[in-house]
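Asker: My file is upload.txt. It has compact mmCIF, C-alpha atoms and all ligand atoms:
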```txt
# COMPACT_ATOMS: atom_id res chain seq x y z
CA MET H 1 -9.12 -1.34 4.17
CA ASP H 2 -5.63 -0.55 5.48
CA PHE H 3 -3.99 2.84 4.95
CA ARG H 4 -1.55 1.51 2.34
CA GLU H 5 -4.42 0.26 0.16
CA GLN H 6 -6.37 3.52 0.67
CA ARG H 7 -3.26 5.46 -0.36
CA ARG H 8 -2.83 3.31 -3.49
CA ARG H 9 -6.45 3.93 -4.50
CA LEU H 10 -6.14 7.68 -3.92
CA VAL H 11 -2.98 7.87 -6.07
CA GLU H 12 -4.71 5.90 -8.85
CA LYS H 13 -7.65 8.32 -8.71
CA LEU H 14 -5.31 11.35 -8.88
CA ILE H 15 -3.56 9.81 -11.91
CA ARG H 16 -6.93 9.17 -13.61
CA GLU H 17 -8.03 12.74 -12.91
CA GLY H 18 -4.80 14.15 -14.36
CA TYR H 19 -3.40 15.72 -11.16
CA ILE H 20 -0.50 13.25 -11.02
CA ARG H 21 1.34 13.13 -14.34
CA SER H 22 4.81 11.80 -13.50
CA ASP H 23 6.20 8.63 -11.96
CA ARG H 24 8.22 10.76 -9.52
CA VAL H 25 5.16 12.39 -7.98
CA ALA H 26 3.17 9.13 -8.04
CA LYS H 27 5.99 7.33 -6.21
CA ALA H 28 6.33 10.11 -3.65
CA MET H 29 2.61 10.20 -2.86
CA LEU H 30 2.56 6.40 -2.60
CA ARG H 31 5.35 6.54 -0.04
CA VAL H 32 4.32 9.36 2.29
CA PRO H 33 1.79 8.20 4.92
CA ARG H 34 -0.75 11.07 5.05
CA GLU H 35 -2.44 9.43 8.05
CA LEU H 36 0.57 10.48 10.17
CA PHE H 37 0.04 14.16 9.31
CA VAL H 38 -3.67 14.57 10.14
CA PRO H 39 -5.07 14.90 13.68
CA GLU H 40 -5.64 11.47 15.24
CA GLU H 41 -9.42 11.85 15.39
CA LEU H 42 -9.52 12.50 11.60
CA ARG H 43 -7.26 9.63 10.52
CA HIS H 44 -10.17 7.74 8.99
CA LEU H 45 -10.43 10.66 6.50
CA ALA H 46 -6.71 10.78 5.63
CA TYR H 47 -7.26 9.40 2.11
CA GLU H 48 -10.34 11.41 1.21
CA ASP H 49 -9.39 14.01 -1.40
CA THR H 50 -10.21 16.93 0.87
CA PRO H 51 -8.44 19.51 3.04
CA LEU H 52 -8.69 18.78 6.78
CA PRO H 53 -8.41 21.07 9.82
CA ILE H 54 -5.10 20.89 11.71
CA GLY H 55 -5.84 23.49 14.41
CA HIS H 56 -5.25 27.26 14.72
CA GLY H 57 -7.74 27.79 11.85
CA GLN H 58 -5.33 26.14 9.37
CA THR H 59 -5.63 23.14 7.07
CA ILE H 60 -3.64 20.34 5.47
CA SER H 61 -4.30 20.88 1.73
CA ALA H 62 -6.34 18.39 -0.30
CA PRO H 63 -4.21 15.63 -1.88
CA HIS H 64 -5.11 16.74 -5.45
CA MET H 65 -3.71 20.23 -4.67
CA VAL H 66 -0.51 18.74 -3.22
CA ALA H 67 -0.18 16.56 -6.34
CA LEU H 68 -0.84 19.46 -8.74
CA MET H 69 1.56 21.88 -7.00
CA THR H 70 4.26 19.22 -6.80
CA GLU H 71 3.90 18.49 -10.52
CA LEU H 72 3.97 22.21 -11.38
CA ALA H 73 7.12 22.66 -9.28
CA ASP H 74 8.89 20.39 -11.81
CA LEU H 75 11.27 18.91 -9.24
CA ARG H 76 14.25 16.65 -9.69
CA PRO H 77 16.38 14.75 -7.19
CA GLY H 78 19.12 16.94 -5.69
CA MET H 79 17.17 20.23 -5.76
CA ARG H 80 16.92 22.69 -2.86
CA VAL H 81 13.34 23.65 -2.18
CA LEU H 82 11.69 26.24 0.08
CA GLU H 83 8.10 25.61 1.14
CA VAL H 84 6.27 28.58 2.69
CA GLY H 85 3.48 27.33 4.99
CA THR H 86 4.52 24.07 6.71
CA GLY H 87 1.10 23.34 8.23
CA SER H 88 1.13 19.62 9.04
CA GLY H 89 4.44 18.94 7.25
CA TYR H 90 2.77 16.58 4.74
CA HIS H 91 3.52 18.56 1.58
CA ALA H 92 7.10 19.09 2.76
CA ALA H 93 7.45 15.30 3.07
CA VAL H 94 6.08 14.79 -0.46
CA LEU H 95 8.50 17.42 -1.84
CA ALA H 96 11.33 15.73 0.07
CA GLU H 97 10.45 12.32 -1.32
CA VAL H 98 10.87 13.78 -4.85
CA VAL H 99 14.11 15.73 -4.32
CA ALA H 100 15.59 13.20 -1.89
CA PRO H 101 13.98 9.85 -2.70
CA SER H 102 14.20 7.19 0.02
CA ASP H 103 15.70 4.69 -2.45
CA GLU H 104 18.50 7.00 -3.71
CA PRO H 105 21.90 7.32 -2.03
CA ARG H 106 22.08 10.26 0.41
CA GLU H 107 24.88 11.95 -1.59
CA LYS H 108 22.30 12.59 -4.33
CA TRP H 109 19.69 14.01 -1.96
CA GLY H 110 18.44 17.57 -2.18
CA LYS H 111 16.86 19.34 0.78
CA VAL H 112 13.53 20.91 1.72
CA TYR H 113 13.35 23.98 3.96
CA THR H 114 9.85 24.72 5.19
CA ILE H 115 8.74 27.76 7.15
CA GLU H 116 5.67 28.16 9.37
CA ARG H 117 4.55 31.27 11.28
CA ILE H 118 2.58 29.44 14.02
CA PRO H 119 5.12 27.87 16.43
CA GLU H 120 2.73 25.18 17.72
CA LEU H 121 2.02 23.96 14.16
CA ALA H 122 5.75 23.93 13.38
CA ARG H 123 6.37 21.87 16.53
CA ARG H 124 3.71 19.34 15.54
CA ALA H 125 5.00 19.22 11.96
CA VAL H 126 8.48 18.31 13.28
CA GLU H 127 6.88 15.47 15.26
CA ASN H 128 4.91 14.27 12.21
CA LEU H 129 7.99 14.41 9.97
CA ARG H 130 10.02 12.52 12.58
CA ARG H 131 7.45 9.71 12.81
CA ALA H 132 7.20 9.50 9.02
CA GLY H 133 11.02 9.43 8.64
CA TYR H 134 11.63 12.74 6.83
CA LEU H 135 13.49 14.88 9.35
CA ASP H 136 16.77 13.93 7.69
CA ARG H 137 15.66 15.74 4.50
CA VAL H 138 13.37 18.48 5.81
CA LYS H 139 14.28 21.42 8.02
CA VAL H 140 11.36 23.17 9.71
CA VAL H 141 11.79 26.85 10.55
CA VAL H 142 9.49 29.18 12.52
CA GLY H 143 9.07 32.62 11.02
CA ASP H 144 7.40 34.89 8.47
CA GLY H 145 7.84 32.98 5.22
CA SER H 146 6.61 35.96 3.18
CA LYS H 147 10.22 37.13 3.69
CA GLY H 148 11.50 33.72 2.62
CA TYR H 149 14.35 32.04 4.46
CA PRO H 150 17.51 33.85 3.29
CA GLU H 151 19.76 31.68 5.52
CA ALA H 152 19.51 28.74 3.08
CA ALA H 153 18.94 30.65 -0.20
CA PRO H 154 19.17 30.44 -3.16
CA TYR H 155 16.54 27.81 -3.98
CA ASP H 156 15.85 25.87 -7.17
CA ARG H 157 12.16 25.88 -6.37
CA ILE H 158 9.78 27.68 -4.00
CA VAL H 159 6.30 26.34 -3.19
CA VAL H 160 3.95 28.69 -1.34
CA THR H 161 0.96 26.98 0.29
CA ALA H 162 -0.84 30.10 1.55
CA ALA H 163 -2.44 32.77 -0.64
CA ALA H 164 -0.61 36.05 -1.28
CA PRO H 165 -1.90 39.37 -2.69
CA ASP H 166 1.24 39.69 -4.88
CA ILE H 167 4.49 37.83 -5.44
CA PRO H 168 6.62 38.60 -2.35
CA PRO H 169 9.84 40.29 -3.66
CA PRO H 170 12.13 38.43 -1.17
CA LEU H 171 10.96 35.11 -2.64
CA VAL H 172 11.97 36.25 -6.13
CA GLU H 173 15.35 37.35 -4.79
CA GLN H 174 15.89 33.98 -3.11
CA LEU H 175 15.06 32.00 -6.27
CA LYS H 176 17.98 30.89 -8.47
CA PRO H 177 18.04 32.20 -12.05
CA GLY H 178 16.20 29.49 -14.00
CA GLY H 179 14.23 28.66 -10.84
CA LYS H 180 10.47 28.27 -10.46
CA MET H 181 7.92 29.19 -7.83
CA VAL H 182 4.36 27.85 -7.42
CA ILE H 183 2.12 30.32 -5.61
CA PRO H 184 -1.60 31.12 -5.16
CA LEU H 185 -2.22 34.83 -5.86
CA GLY H 186 -5.38 36.90 -5.57
CA THR H 187 -7.78 38.18 -2.95
CA ARG H 188 -8.24 36.67 0.52
CA TYR H 189 -11.21 34.62 -0.66
CA TYR H 190 -10.42 33.72 -4.26
CA GLN H 191 -7.12 33.05 -5.95
CA THR H 192 -5.38 31.70 -9.03
CA LEU H 193 -2.51 29.26 -8.81
CA TYR H 194 0.54 30.61 -10.71
CA VAL H 195 3.83 29.19 -11.88
CA VAL H 196 6.41 31.99 -11.69
CA GLU H 197 9.69 31.53 -13.55
CA LYS H 198 12.84 33.55 -12.99
CA THR H 199 14.66 33.49 -16.30
CA ARG H 200 18.45 33.15 -16.55
CA ASP H 201 18.66 36.94 -17.11
CA GLY H 202 16.58 37.57 -13.98
CA LYS H 203 13.23 38.41 -15.67
CA ILE H 204 9.95 37.18 -14.16
CA LYS H 205 7.31 35.26 -16.14
CA ALA H 206 4.06 34.38 -14.37
CA ARG H 207 1.66 31.81 -15.85
CA PRO H 208 -1.85 31.35 -14.39
CA VAL H 209 -2.85 27.69 -14.05
CA THR H 210 -6.15 27.22 -12.21
CA PRO H 211 -8.53 28.87 -9.72
CA CYS H 212 -7.92 27.82 -6.11
CA LEU H 213 -8.69 28.67 -2.49
CA PHE H 214 -5.99 28.83 0.20
CA VAL H 215 -5.73 30.25 3.71
CA PRO H 216 -4.02 33.67 3.63
CA LEU H 217 -0.30 34.31 3.83
CA ILE H 218 -0.03 36.50 6.93
CA GLY H 219 3.11 38.59 7.12
CA GLU H 220 5.16 41.49 5.89
CA TYR H 221 4.58 40.66 2.19
CA GLY H 222 1.17 39.05 2.73
CA TRP H 223 -1.89 40.23 4.63
CA SER H 224 -1.91 41.65 8.14
CA GLU H 225 -3.44 39.50 10.84
CA ASP H 226 -6.07 42.06 11.90
CA SER H 227 -7.50 42.50 8.39
CA TYR H 228 -8.36 38.76 8.49
N1 LIG H 301 1.57 22.68 3.30
C1 LIG H 301 0.72 22.41 4.43
C2 LIG H 301 0.53 20.95 4.70
O1 LIG H 301 1.06 20.11 3.95
O2 LIG H 301 -0.13 20.63 5.71
C3 LIG H 301 -0.60 23.12 4.34
C4 LIG H 301 -0.42 24.58 4.50
S1 LIG H 301 -1.81 25.50 5.07
C5 LIG H 301 -2.86 25.46 3.65
C6 LIG H 301 -1.02 27.12 5.05
C7 LIG H 301 -0.05 27.33 6.17
O3 LIG H 301 0.64 28.55 5.93
C8 LIG H 301 -0.70 27.45 7.55
O4 LIG H 301 -0.15 26.53 8.44
C9 LIG H 301 -0.36 28.90 7.96
O5 LIG H 301 -0.16 29.06 9.35
C10 LIG H 301 0.92 29.14 7.18
N2 LIG H 301 1.27 30.55 6.97
C11 LIG H 301 0.47 31.62 6.70
N3 LIG H 301 1.22 32.75 6.57
C12 LIG H 301 2.52 32.36 6.74
C13 LIG H 301 3.76 33.06 6.70
N4 LIG H 301 3.85 34.38 6.46
N5 LIG H 301 4.89 32.36 6.92
C14 LIG H 301 4.85 31.03 7.16
N6 LIG H 301 3.71 30.32 7.22
C15 LIG H 301 2.56 30.97 6.98
```
Give the structure from the file, written as structure tokens.
Answerer:
Amino acid sequence: MDFREQRRRLVEKLIREGYIRSDRVAKAMLRVPRELFVPEELRHLAYEDTPLPIGHGQTISAPHMVALMTELADLRPGMRVLEVGTGSGYHAAVLAEVVAPSDEPREKWGKVYTIERIPELARRAVENLRRAGYLDRVKVVVGDGSKGYPEAAPYDRIVVTAAAPDIPPPLVEQLKPGGKMVIPLGTRYYQTLYVVEKTRDGKIKARPVTPCLFVPLIGEYGWSEDSY
């Protein structure tokens, strides 16, 4: 079965299971070739609904988690998004396909900023995004994303793909009033996925959604590397 057909079947499964609920997210996940974001020797597993190792002890998240987080982010074309934890670059491409769809004119495109602390992963993500055709809508930055990326703030949405002990204050600051953040919060080994809303008057409302398990956010407002 070719990758396109495998992708179609995976998206149908995620719709049936309730992870994909909107046409926007379905279309985006049908368009982004996940096989270009996994290590070559694991390509045959690209459309299994499972996380896969990408080196440096990190993972590309399972497709159902990418679908769920993208739905919870409640994105629309034109939005500016910050992703913390680039990893392979796959989720950034899916976010980009929603806020800057390939079939919309560029004037209507939003932009995705994605930040990764491990330079080698960021370098590979740039390569993956280039091959998949998303570098025109995604900017990859190397740094400690627990501090956000103030250079391009404020953001309509922030998606954090590594687990934090608490909501990092700089991320709240860099969110627009009325903006939303999707973030796993908890201990290093067990977390809950939250949707955090910053109301128009600057208040914070956090809603727990589901249990989850992510690699830790390592940084000033996350965990320290040596306590890992
Ligand atoms: N979104 C990724 C994808 O589509 O492949 C998967 C992300 S992986 C589950 C989490 C990533 O967060 C890892 O690549 C890890 O190195 C990165 N990370 C952890 N702490 C970070 C921090 N403080 N700033 C930026 N990236 C961080």
Asker: Could you name the residues that touch Gly18 in chain H at 10 Å or less, counting all atoms listed in the file, but leaving out those on the same chain fewer than 5 positions away, as a PDB file with C-alpha atoms, in the coordinates of the input?
Answerer:
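The resulting out31.pdb:
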```
ATOM      1  CA  GLU H  12      -4.710   5.900  -8.850  1.00  0.00           C
ATOM      2  CA  LYS H  13      -7.650   8.320  -8.710  1.00  0.00           C
ATOM      3  CA  HIS H  64      -5.110  16.740  -5.450  1.00  0.00           C
ATOM      4  CA  ALA H  67      -0.180  16.560  -6.340  1.00  0.00           C
ATOM      5  CA  LEU H  68      -0.840  19.460  -8.740  1.00  0.00           C
TER       6      LEU H  68
END
```
Asker: Could you list, as number ranges by chain, every residue within 9 Å of range 34-49 of chain H, counting all atoms listed in the file and ignoring same-chain residues fewer than 4 positions away?
Answerer: H: 3, 6-7, 9-10, 14, 29, 53-55, 60, 62-64, 88-90, 124-125, 128-129, 131-132
Asker: Counting all atoms listed in the file, what residues are within 9 Å of ligand LIG 301 (chain H), given as a PyMOL selection string?
Answerer: chain H and resi 37-38+51-52+54-62+66+83-94+114-119+121-122+125+141-148+159-164+214-223
Asker: Per residue of range 122-169 of chain H within 10 Å of range 98-110 of chain H, what are the shortest atom pair and its distance in Å to one decimal, counting only C-alpha atoms, with rows by chain and residue number, as CSV?
Answerer:
```
residue,atom,partner,partner_atom,distance
H:Gly133,CA,H:Ser102,CA,9.5
H:Tyr134,CA,H:Ser102,CA,9.2
H:Asp136,CA,H:Ala100,CA,9.7
H:Arg137,CA,H:Ala100,CA,6.9
H:Val138,CA,H:Gly110,CA,9.5
```
Asker: To one decimal in Å, tell me the separation between CA of Leu95 in chain H and CA of Glu120 in chain H.
Answerer: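 Computed distance, CA of Leu95 in chain H to CA of Glu120 in chain H, equals 21.8 Å.
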Asker: Name the closest residue to Leu75 in chain H among the candidates H:Leu30, H:Pro170, H:Gly179, H:Pro150; distances are taken between atoms, counting only C-alpha atoms.
Answerer: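 Of H:Leu30, H:Pro170, H:Gly179, H:Pro150, the one nearest Leu75 in chain H is H:Gly179, counting only C-alpha atoms.
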Asker: Distance CA of Arg8 in chain H-CA of Val182 in chain H, one decimal place?
Answerer: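 Interatomic distance here is 25.9 Å.
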Asker: Of the residues H:Ala152, H:Ile183, H:Leu135, H:Val126, which is the one nearest to Ala206 in chain H, using all atoms listed in the file?
Answerer: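 For Ala206 in chain H, the nearest of the candidates is H:Ile183.
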Asker: Tell me, in Å to one decimal, how far CA of Pro177 in chain H is from CA of Val196 in chain H.
Answerer: 11.6 Å
Asker: Have a look at H:Arg31, H:Lys139, H:Arg207, H:Arg16 and name the one nearest to Tyr113 in chain H; count all atoms listed in the file.
Answerer: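 Looking only at the distances to Tyr113 in chain H, the closest residue turns out to be H:Lys139.
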Asker: Using all atoms listed in the file, can you tell me which of H:Ile167, H:Ala73, H:Met65, H:Ile20 comes closest to Leu185 in chain H?
Answerer: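 Going through H:Ile167, H:Ala73, H:Met65, H:Ile20 one by one, the smallest distance to Leu185 in chain H is for H:Ile167.
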Asker: From the list H:Leu82, H:Val172, H:Val112, H:Ala28, which residue is nearest Ile204 in chain H when using only C-alpha atoms?
Answerer: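 When distances to Ile204 in chain H are compared using only C-alpha atoms, the smallest one comes from H:Val172.
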Asker: With distances taken over all atoms listed in the file, which of H:Arg130, H:Arg157, H:Lys27, H:Arg123 is nearest to Asp74 in chain H?
Answerer: H:Arg157
Asker: Set the distance at 8 Å and use all atoms listed in the file: which residues neighbour Tyr190 in chain H once local chain neighbours fewer than 4 positions away are removed? I'd like the list as a PyMOL selection string.
Answerer: chain H and resi 186+211-214
